[in-house]
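Novice: Below is the file query-v2.cif, with mmCIF, C-alpha atoms.
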```
data_my_file
loop_
_atom_site.group_PDB
_atom_site.id
_atom_site.type_symbol
_atom_site.label_atom_id
_atom_site.label_comp_id
_atom_site.auth_asym_id
_atom_site.auth_seq_id
_atom_site.Cartn_x
_atom_site.Cartn_y
_atom_site.Cartn_z
ATOM 1 C CA MET A 1 0.000 0.000 0.000
ATOM 2 C CA THR A 2 1.506 3.329 -1.076
ATOM 3 C CA ASP A 3 -1.080 5.637 0.447
ATOM 4 C CA LYS A 4 -1.022 4.836 4.148
ATOM 5 C CA ILE A 5 -1.262 7.154 7.093
ATOM 6 C CA ILE A 6 1.747 6.289 9.230
ATOM 7 C CA ALA A 7 1.254 7.108 12.904
ATOM 8 C CA LEU A 8 4.189 6.876 15.313
ATOM 9 C CA VAL A 9 3.096 5.879 18.819
ATOM 10 C CA ASP A 10 5.346 5.589 21.867
ATOM 11 C CA GLY A 11 3.002 5.208 24.822
ATOM 12 C CA SER A 12 3.366 8.864 25.852
ATOM 13 C CA VAL A 13 0.468 11.181 26.686
ATOM 14 C CA TYR A 14 0.574 12.304 23.043
ATOM 15 C CA SER A 15 -0.046 8.815 21.636
ATOM 16 C CA GLU A 16 -3.819 8.964 22.009
ATOM 17 C CA SER A 17 -3.910 12.294 20.195
ATOM 18 C CA VAL A 18 -1.695 10.879 17.421
ATOM 19 C CA CYS A 19 -4.197 8.033 17.008
ATOM 20 C CA HIS A 20 -7.197 10.386 16.852
ATOM 21 C CA HIS A 21 -5.491 12.647 14.301
ATOM 22 C CA ALA A 22 -4.544 9.656 12.159
ATOM 23 C CA ALA A 23 -8.122 8.351 12.329
ATOM 24 C CA TRP A 24 -9.472 11.779 11.399
ATOM 25 C CA ILE A 25 -7.314 11.861 8.268
ATOM 26 C CA ALA A 26 -8.301 8.280 7.439
ATOM 27 C CA GLN A 27 -11.994 9.123 7.628
ATOM 28 C CA ARG A 28 -11.547 12.050 5.238
ATOM 29 C CA THR A 29 -9.323 10.202 2.765
ATOM 30 C CA GLN A 30 -10.428 6.561 3.070
ATOM 31 C CA ALA A 31 -6.747 5.683 3.504
ATOM 32 C CA PRO A 32 -5.604 2.883 5.844
ATOM 33 C CA VAL A 33 -3.643 3.564 9.022
ATOM 34 C CA GLU A 34 -0.393 1.879 10.001
ATOM 35 C CA LEU A 35 0.620 2.261 13.635
ATOM 36 C CA ILE A 36 4.362 1.988 14.270
ATOM 37 C CA HIS A 37 6.246 1.709 17.527
ATOM 38 C CA VAL A 38 10.031 1.873 17.314
ATOM 39 C CA LEU A 39 12.187 0.288 20.008
ATOM 40 C CA GLY A 40 15.194 2.586 20.006
ATOM 41 C CA ARG A 41 18.767 1.486 20.428
ATOM 42 C CA ARG A 42 18.784 2.814 23.990
ATOM 43 C CA GLU A 43 16.145 0.203 24.788
ATOM 44 C CA ALA A 44 18.345 -2.658 23.589
ATOM 45 C CA PRO A 45 19.786 -5.035 26.189
ATOM 46 C CA GLU A 46 22.966 -3.932 27.940
ATOM 47 C CA THR A 47 26.121 -5.307 26.370
ATOM 48 C CA SER A 48 28.760 -3.856 28.689
ATOM 49 C CA ASP A 49 30.767 -6.198 30.892
ATOM 50 C CA LEU A 50 29.589 -5.540 34.456
ATOM 51 C CA SER A 51 31.499 -8.441 36.018
ATOM 52 C CA GLY A 52 34.756 -6.570 36.599
ATOM 53 C CA ALA A 53 37.852 -8.275 37.979
ATOM 54 C CA ILE A 54 36.086 -11.247 39.555
ATOM 55 C CA ARG A 55 37.680 -14.710 39.783
ATOM 56 C CA LEU A 56 36.857 -16.954 36.852
ATOM 57 C CA GLY A 57 34.177 -19.226 38.366
ATOM 58 C CA ALA A 58 32.172 -16.443 39.947
ATOM 59 C CA ARG A 59 32.632 -14.293 36.853
ATOM 60 C CA SER A 60 31.199 -16.983 34.585
ATOM 61 C CA LYS A 61 28.161 -17.397 36.828
ATOM 62 C CA LEU A 62 27.606 -13.641 36.977
ATOM 63 C CA MET A 63 27.871 -13.383 33.188
ATOM 64 C CA GLU A 64 25.205 -16.058 32.828
ATOM 65 C CA GLU A 65 22.914 -14.204 35.210
ATOM 66 C CA LEU A 66 23.484 -10.921 33.392
ATOM 67 C CA ALA A 67 22.717 -12.582 30.058
ATOM 68 C CA GLU A 68 19.497 -13.967 31.492
ATOM 69 C CA LEU A 69 18.516 -10.523 32.809
ATOM 70 C CA ASP A 70 19.230 -9.003 29.412
ATOM 71 C CA ALA A 71 17.009 -11.593 27.750
ATOM 72 C CA GLN A 72 14.207 -10.909 30.246
ATOM 73 C CA ARG A 73 14.553 -7.166 29.749
ATOM 74 C CA ALA A 74 14.453 -7.487 25.970
ATOM 75 C CA LYS A 75 11.316 -9.645 26.248
ATOM 76 C CA LEU A 76 9.602 -7.140 28.532
ATOM 77 C CA ILE A 77 10.486 -4.227 26.249
ATOM 78 C CA SER A 78 9.029 -6.056 23.246
ATOM 79 C CA GLN A 79 5.907 -6.948 25.227
ATOM 80 C CA ARG A 80 5.471 -3.304 26.207
ATOM 81 C CA GLY A 81 5.874 -2.263 22.570
ATOM 82 C CA ARG A 82 3.184 -4.692 21.472
ATOM 83 C CA ALA A 83 0.907 -3.430 24.266
ATOM 84 C CA VAL A 84 1.419 0.171 23.068
ATOM 85 C CA LEU A 85 0.403 -0.910 19.561
ATOM 86 C CA GLU A 86 -2.628 -2.839 20.809
ATOM 87 C CA ASP A 87 -3.853 0.177 22.769
ATOM 88 C CA ALA A 88 -3.318 2.427 19.755
ATOM 89 C CA ARG A 89 -5.176 0.043 17.465
ATOM 90 C CA ALA A 90 -8.143 0.049 19.862
ATOM 91 C CA ILE A 91 -8.302 3.861 19.788
ATOM 92 C CA VAL A 92 -8.215 4.061 15.991
ATOM 93 C CA ASP A 93 -10.732 1.231 15.730
ATOM 94 C CA ARG A 94 -13.141 3.037 18.069
ATOM 95 C CA ASP A 95 -12.854 6.081 15.816
ATOM 96 C CA GLY A 96 -14.370 4.013 13.014
ATOM 97 C CA VAL A 97 -11.307 3.140 10.927
ATOM 98 C CA THR A 98 -11.286 -0.376 9.472
ATOM 99 C CA GLY A 99 -7.940 -0.589 7.650
ATOM 100 C CA ILE A 100 -5.487 -0.742 10.552
ATOM 101 C CA THR A 101 -2.118 -2.469 10.651
ATOM 102 C CA THR A 102 0.610 -2.385 13.296
ATOM 103 C CA ARG A 103 4.370 -2.730 13.107
ATOM 104 C CA LEU A 104 6.970 -3.107 15.862
ATOM 105 C CA ARG A 105 10.399 -1.987 14.712
ATOM 106 C CA HIS A 106 13.876 -1.979 16.261
ATOM 107 C CA GLY A 107 16.463 0.703 15.643
ATOM 108 C CA ASP A 108 16.506 4.440 14.978
ATOM 109 C CA VAL A 109 13.149 6.124 14.338
ATOM 110 C CA VAL A 110 14.518 8.407 11.592
ATOM 111 C CA GLU A 111 16.078 5.453 9.784
ATOM 112 C CA THR A 112 12.743 3.651 10.114
ATOM 113 C CA ILE A 113 10.906 6.581 8.533
ATOM 114 C CA GLY A 114 13.431 6.651 5.712
ATOM 115 C CA GLU A 115 12.788 2.990 4.972
ATOM 116 C CA ILE A 116 8.989 3.125 4.970
ATOM 117 C CA GLU A 117 7.926 6.668 4.109
ATOM 118 C CA ALA A 118 7.512 5.842 0.408
ATOM 119 C CA GLU A 119 4.379 3.970 1.518
ATOM 120 C CA ALA A 120 2.917 7.009 3.302
ATOM 121 C CA ARG A 121 0.734 9.927 2.326
ATOM 122 C CA VAL A 122 1.389 11.570 5.718
ATOM 123 C CA ILE A 123 3.358 10.843 8.897
ATOM 124 C CA VAL A 124 1.676 11.662 12.209
ATOM 125 C CA ILE A 125 3.813 12.197 15.308
ATOM 126 C CA GLY A 126 3.320 13.709 18.755
ATOM 127 C CA LYS A 127 4.953 16.970 19.706
ATOM 128 C CA ARG A 128 6.732 15.376 22.641
ATOM 129 C CA GLY A 129 7.566 11.848 23.722
ATOM 130 C CA GLU A 130 7.476 9.877 26.940
ATOM 131 C CA ALA A 131 8.990 12.726 28.969
ATOM 132 C CA ALA A 132 6.223 15.109 27.845
ATOM 133 C CA ASP A 133 5.019 15.943 31.344
ATOM 134 C CA PHE A 134 8.553 16.681 32.508
ATOM 135 C CA ALA A 135 9.697 18.678 29.480
ATOM 136 C CA LYS A 136 6.739 20.813 28.502
ATOM 137 C CA GLY A 137 8.961 23.553 27.101
ATOM 138 C CA HIS A 138 10.884 21.213 24.822
ATOM 139 C CA LEU A 139 10.117 19.370 21.626
ATOM 140 C CA GLY A 140 10.519 15.625 21.447
ATOM 141 C CA SER A 141 14.097 14.577 20.788
ATOM 142 C CA ASN A 142 13.158 12.850 17.529
ATOM 143 C CA LEU A 143 10.648 15.368 16.178
ATOM 144 C CA GLU A 144 13.076 17.833 14.616
ATOM 145 C CA ARG A 145 15.137 14.987 13.146
ATOM 146 C CA ILE A 146 12.040 13.466 11.548
ATOM 147 C CA VAL A 147 10.795 16.771 10.117
ATOM 148 C CA ARG A 148 14.230 17.461 8.680
ATOM 149 C CA ALA A 149 14.557 14.027 7.103
ATOM 150 C CA ALA A 150 11.024 13.221 5.933
ATOM 151 C CA HIS A 151 10.006 13.727 2.315
ATOM 152 C CA ARG A 152 6.327 13.200 3.088
ATOM 153 C CA PRO A 153 4.080 15.670 4.933
ATOM 154 C CA VAL A 154 4.490 15.478 8.710
ATOM 155 C CA LEU A 155 1.548 16.256 10.987
ATOM 156 C CA VAL A 156 2.678 17.238 14.480
ATOM 157 C CA ALA A 157 -0.262 16.369 16.709
ATOM 158 C CA ALA A 158 -1.318 18.634 19.549
ATOM 159 C CA ARG A 159 -1.687 17.202 23.034
ATOM 160 C CA ALA A 160 -5.431 16.666 22.573
ATOM 161 C CA PHE A 161 -7.478 16.138 19.417
ATOM 162 C CA ARG A 162 -10.248 18.565 18.524
ATOM 163 C CA PRO A 163 -12.350 18.559 15.345
ATOM 164 C CA ILE A 164 -10.638 20.668 12.675
ATOM 165 C CA GLU A 165 -12.736 23.007 10.527
ATOM 166 C CA THR A 166 -10.468 26.008 9.906
ATOM 167 C CA VAL A 167 -6.915 26.051 8.568
ATOM 168 C CA LEU A 168 -4.270 28.767 8.656
ATOM 169 C CA VAL A 169 -1.585 28.518 5.969
ATOM 170 C CA ALA A 170 1.697 30.396 6.454
ATOM 171 C CA CYS A 171 2.949 31.523 3.055
ATOM 172 C CA ASP A 172 6.143 33.363 2.201
ATOM 173 C CA GLY A 173 6.034 32.582 -1.524
ATOM 174 C CA GLY A 174 8.900 30.097 -1.226
ATOM 175 C CA ARG A 175 8.995 26.644 -2.780
ATOM 176 C CA SER A 176 7.990 24.673 0.282
ATOM 177 C CA ALA A 177 5.198 27.135 1.137
ATOM 178 C CA MET A 178 3.731 26.763 -2.340
ATOM 179 C CA LYS A 179 4.111 23.003 -2.020
ATOM 180 C CA ALA A 180 2.001 23.240 1.133
ATOM 181 C CA VAL A 181 -0.663 25.203 -0.754
ATOM 182 C CA ASP A 182 -0.630 22.671 -3.581
ATOM 183 C CA HIS A 183 -0.982 19.838 -1.050
ATOM 184 C CA ILE A 184 -4.101 21.469 0.400
ATOM 185 C CA ALA A 185 -5.542 21.892 -3.099
ATOM 186 C CA ARG A 186 -5.018 18.218 -3.940
ATOM 187 C CA SER A 187 -5.980 16.588 -0.636
ATOM 188 C CA SER A 188 -9.505 15.532 0.293
ATOM 189 C CA VAL A 189 -8.559 16.243 3.919
ATOM 190 C CA PHE A 190 -9.245 19.941 3.325
ATOM 191 C CA GLU A 191 -12.543 19.666 1.449
ATOM 192 C CA ASN A 192 -15.253 21.977 2.835
ATOM 193 C CA MET A 193 -12.819 23.633 5.233
ATOM 194 C CA SER A 194 -12.321 27.340 5.784
ATOM 195 C CA VAL A 195 -8.783 28.196 4.620
ATOM 196 C CA THR A 196 -6.886 31.429 5.325
ATOM 197 C CA VAL A 197 -3.495 32.095 3.743
ATOM 198 C CA VAL A 198 -1.311 34.623 5.539
ATOM 199 C CA THR A 199 1.990 36.283 4.802
ATOM 200 C CA VAL A 200 3.781 37.897 7.714
ATOM 201 C CA GLY A 201 5.689 40.770 6.188
ATOM 202 C CA SER A 202 5.577 44.331 4.967
ATOM 203 C CA GLY A 203 3.197 43.818 2.054
ATOM 204 C CA THR A 204 5.710 44.055 -0.781
ATOM 205 C CA ALA A 205 4.814 43.256 -4.379
ATOM 206 C CA GLU A 206 6.472 39.877 -3.863
ATOM 207 C CA ASP A 207 4.300 39.233 -0.794
ATOM 208 C CA ARG A 208 1.134 40.067 -2.734
ATOM 209 C CA LYS A 209 2.164 37.923 -5.685
ATOM 210 C CA GLY A 210 2.766 34.940 -3.406
ATOM 211 C CA LEU A 211 -0.697 35.310 -1.903
ATOM 212 C CA ASP A 212 -2.310 35.764 -5.333
ATOM 213 C CA ASP A 213 -0.581 32.599 -6.590
ATOM 214 C CA ALA A 214 -1.703 30.667 -3.522
ATOM 215 C CA ARG A 215 -5.296 31.873 -3.852
ATOM 216 C CA ALA A 216 -5.341 30.914 -7.551
ATOM 217 C CA ILE A 217 -4.063 27.393 -6.843
ATOM 218 C CA LEU A 218 -6.707 26.874 -4.171
ATOM 219 C CA ALA A 219 -9.490 28.423 -6.267
ATOM 220 C CA ALA A 220 -8.717 25.986 -9.082
ATOM 221 C CA ALA A 221 -9.431 23.201 -6.578
ATOM 222 C CA GLY A 222 -12.705 24.788 -5.503
ATOM 223 C CA ILE A 223 -11.341 26.316 -2.276
ATOM 224 C CA GLU A 224 -12.129 30.008 -1.856
ATOM 225 C CA ALA A 225 -9.383 31.053 0.526
ATOM 226 C CA GLU A 226 -9.114 34.306 2.415
ATOM 227 C CA THR A 227 -5.699 35.994 2.220
ATOM 228 C CA ARG A 228 -4.049 38.347 4.693
ATOM 229 C CA ILE A 229 -0.818 40.285 5.059
ATOM 230 C CA VAL A 230 0.178 40.847 8.670
ATOM 231 C CA PRO A 231 3.178 42.928 9.807
ATOM 232 C CA GLY A 232 5.514 41.640 12.482
ATOM 233 C CA GLN A 233 7.553 38.558 13.324
ATOM 234 C CA PRO A 234 6.222 35.247 11.927
ATOM 235 C CA GLU A 235 6.818 33.268 15.116
ATOM 236 C CA VAL A 236 4.779 35.851 17.072
ATOM 237 C CA GLU A 237 2.010 36.762 14.638
ATOM 238 C CA LEU A 238 1.199 33.220 13.511
ATOM 239 C CA GLY A 239 0.712 32.162 17.111
ATOM 240 C CA LYS A 240 -1.517 35.165 17.775
ATOM 241 C CA MET A 241 -3.709 34.347 14.789
ATOM 242 C CA VAL A 242 -4.072 30.724 15.807
ATOM 243 C CA ASP A 243 -5.048 31.698 19.348
ATOM 244 C CA HIS A 244 -7.228 34.738 18.642
ATOM 245 C CA ASP A 245 -9.055 33.444 15.550
ATOM 246 C CA GLY A 246 -9.451 29.857 16.729
ATOM 247 C CA PHE A 247 -7.830 28.090 13.787
ATOM 248 C CA GLY A 248 -7.879 24.304 14.070
ATOM 249 C CA MET A 249 -4.630 23.629 12.180
ATOM 250 C CA LEU A 250 -1.522 25.474 11.035
ATOM 251 C CA VAL A 251 0.083 24.472 7.723
ATOM 252 C CA MET A 252 3.634 25.555 6.918
ATOM 253 C CA GLY A 253 6.307 24.845 4.366
ATOM 254 C CA ALA A 254 9.351 23.354 5.990
ATOM 255 C CA TYR A 255 11.808 25.629 4.202
ATOM 256 C CA GLY A 256 11.261 29.118 2.896
ATOM 257 C CA HIS A 257 13.244 31.988 1.501
ATOM 258 C CA SER A 258 12.394 34.619 4.100
ATOM 259 C CA ARG A 259 12.637 34.651 7.892
ATOM 260 C CA ILE A 260 10.496 31.509 7.921
ATOM 261 C CA ARG A 261 13.415 29.729 6.242
ATOM 262 C CA SER A 262 15.160 29.025 9.584
ATOM 263 C CA LEU A 263 12.553 26.433 10.183
ATOM 264 C CA VAL A 264 13.456 23.413 12.216
ATOM 265 C CA ILE A 265 16.799 24.553 13.564
ATOM 266 C CA GLY A 266 15.837 28.203 13.435
ATOM 267 C CA SER A 267 13.239 30.270 15.189
ATOM 268 C CA THR A 268 9.910 30.214 13.385
ATOM 269 C CA THR A 269 8.947 26.597 12.955
ATOM 270 C CA THR A 270 10.582 25.402 16.125
ATOM 271 C CA GLU A 271 8.677 28.056 18.028
ATOM 272 C CA MET A 272 5.403 27.227 16.280
ATOM 273 C CA MET A 273 5.767 23.513 16.984
ATOM 274 C CA ARG A 274 6.688 24.247 20.591
ATOM 275 C CA SER A 275 3.957 26.756 21.418
ATOM 276 C CA CYS A 276 1.077 25.972 19.057
ATOM 277 C CA LYS A 277 -1.866 24.303 20.756
ATOM 278 C CA VAL A 278 -3.208 22.988 17.442
ATOM 279 C CA PRO A 279 -1.709 20.431 15.055
ATOM 280 C CA VAL A 280 0.963 21.715 12.662
ATOM 281 C CA LEU A 281 1.292 20.209 9.186
ATOM 282 C CA LEU A 282 4.792 20.625 7.733
ATOM 283 C CA LEU A 283 5.848 20.058 4.121
ATOM 284 C CA ARG A 284 9.432 20.091 2.919
#
```
Could the structure of this file be written out as structure tokens, please?
Specialist:
Amino acid sequence: MTDKIIALVDGSVYSESVCHHAAWIAQRTQAPVELIHVLGRREAPETSDLSGAIRLGARSKLMEELAELDAQRAKLISQRGRAVLEDARAIVDRDGVTGITTRLRHGDVVETIGEIEAEARVIVIGKRGEAADFAKGHLGSNLERIVRAAHRPVLVAARAFRPIETVLVACDGGRSAMKAVDHIARSSVFENMSVTVVTVGSGTAEDRKGLDDARAILAAAGIEAETRIVPGQPEVELGKMVDHDGFGMLVMGAYGHSRIRSLVIGSTTTEMMRSCKVPVLLLR
């Protein structure tokens, strides 16, 4: 299947939201959902020699016991991973999705995405991982790496799912921003939604042309989008618009040619992913 919704679940407080967002997309696209849990390398059994300078007989016995503990730990970790997937499947199933598969993988999550993303129409991931409650000001350690590496759209789920009816699109006229607009025009996810395209800038001729191009692309797909030019800093003004106007989703290109270009490592997108209380769809 080359049109799956790939949802990454890790058992954190964001996993349920990831499942609901994936199910929401599935219901609007009729695409199947694949739930993936990756057992990272840090979760692999210990391989260091903990026996130290112990006499041979006792050392051999200790090594056997350590090997047995490693085997038990590996088994428990795998069992937990399967339990995470079973819980996630139940959530997506309750949301009315029928095409659900699960996959337990070992290794690095970014390498996993690289191997399977050709099968995906979108990748859904939580903003933060298992330490979410202890690191509320920080993004998940893998999120920026995934957004940087992925060639498919990445939906960063908010902490809780809410029905999405209005979409704010950040547009600077750059290639990835226009790719985001084109994605909206082509995707059934955005049918019958209210779409607003905004440029944060000084209202130059280039700004206006970018908005006109975006509006034309969306109009050709039957989406009558509102356009705005707002002065100020993107990372400040986009957040204000989301909060004050009650948008249900923010869509951004992952790389631009203005101040938004800093994206993942820079200020704008990192700040939007960190502070936004709604899901953020990123396209590279």
Novice: Once the PyMOL selection byres ((chain A and resi 118-125) around 7) has been evaluated on this model, what residues remain selected, and can you format them as an MDAnalysis selection string?
Specialist: chainID A and resid 1:8 18 22 116:117 126:127 152:157
Novice: Please return, as a PDB file with C-alpha atoms, in the frame of the given file, all polymer residues that have at least one atom within 7 Å of the point (-1.0, 30.5, 18.7); use all atoms listed in the file and the file's own coordinate frame.
Specialist:
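So part00.pdb came out as:
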```
ATOM      1  CA  LEU A 238       1.199  33.220  13.511  1.00  0.00           C
ATOM      2  CA  GLY A 239       0.712  32.162  17.111  1.00  0.00           C
ATOM      3  CA  LYS A 240      -1.517  35.165  17.775  1.00  0.00           C
ATOM      4  CA  MET A 241      -3.709  34.347  14.789  1.00  0.00           C
ATOM      5  CA  VAL A 242      -4.072  30.724  15.807  1.00  0.00           C
ATOM      6  CA  ASP A 243      -5.048  31.698  19.348  1.00  0.00           C
ATOM      7  CA  SER A 275       3.957  26.756  21.418  1.00  0.00           C
ATOM      8  CA  CYS A 276       1.077  25.972  19.057  1.00  0.00           C
ATOM      9  CA  LYS A 277      -1.866  24.303  20.756  1.00  0.00           C
TER      10      LYS A 277
END
```
Novice: Suppose a student applies the PyMOL selection byres ((chain A and resi 253) around 8) to this structure; what residues should they get, written as a ChimeraX atom specification?
Specialist: /A:170-171,175-180,251-252,254-256,282-284
Novice: Which polymer residues have any atom within 12 Å of an atom of Arg215 of chain A, counting all atoms listed in the file, with same-chain residues fewer than 3 positions away left out, as a ChimeraX atom specification?
Specialist: /A:169,171,173,178,181-182,184-185,195-198,208-212,218-228
Novice: Atom CA of Asp87 of chain A and atom CA of Arg73 of chain A are how many Å apart?
Specialist: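 Between atom CA of Asp87 of chain A and atom CA of Arg73 of chain A the gap is 21.0 Å.
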Novice: Any idea what the distance is between atom CA of Glu144 of chain A and atom CA of Met193 of chain A?
Specialist: 28.1 Å
Novice: Under the PyMOL selection byres ((chain A and resi 165) around 7), which residues of this model are included? Write them out as a CSV table (one decimal) with C-alpha atoms, in the coordinates of the input.
Specialist:
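Okay, this is what ended up in part.csv:
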```
chain,number,residue,atom,x,y,z
A,163,PRO,CA,-12.4,18.6,15.3
A,164,ILE,CA,-10.6,20.7,12.7
A,166,THR,CA,-10.5,26.0,9.9
A,167,VAL,CA,-6.9,26.1,8.6
A,193,MET,CA,-12.8,23.6,5.2
A,194,SER,CA,-12.3,27.3,5.8
A,248,GLY,CA,-7.9,24.3,14.1
```
Novice: Quick one: distance from atom CA of His244 of chain A to atom CA of Phe190 of chain A in Å, one decimal?
Specialist: 21.4 Å
Novice: With all atoms listed in the file as the basis for distance, which of A:Val189, A:Ala23, A:Asp213, A:Phe247 is at the shortest distance from Arg94 of chain A?
Specialist: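 Of A:Val189, A:Ala23, A:Asp213, A:Phe247, the one nearest Arg94 of chain A, counting all atoms listed in the file, is A:Ala23.
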Novice: Nearest to Asp10 of chain A among A:Gly107, A:Gly203, A:Gly114, A:Gly40, with distances taken over all atoms listed in the file: which residue is it?
Specialist: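 Comparing A:Gly107, A:Gly203, A:Gly114, A:Gly40 against Asp10 of chain A, the winner is A:Gly40.
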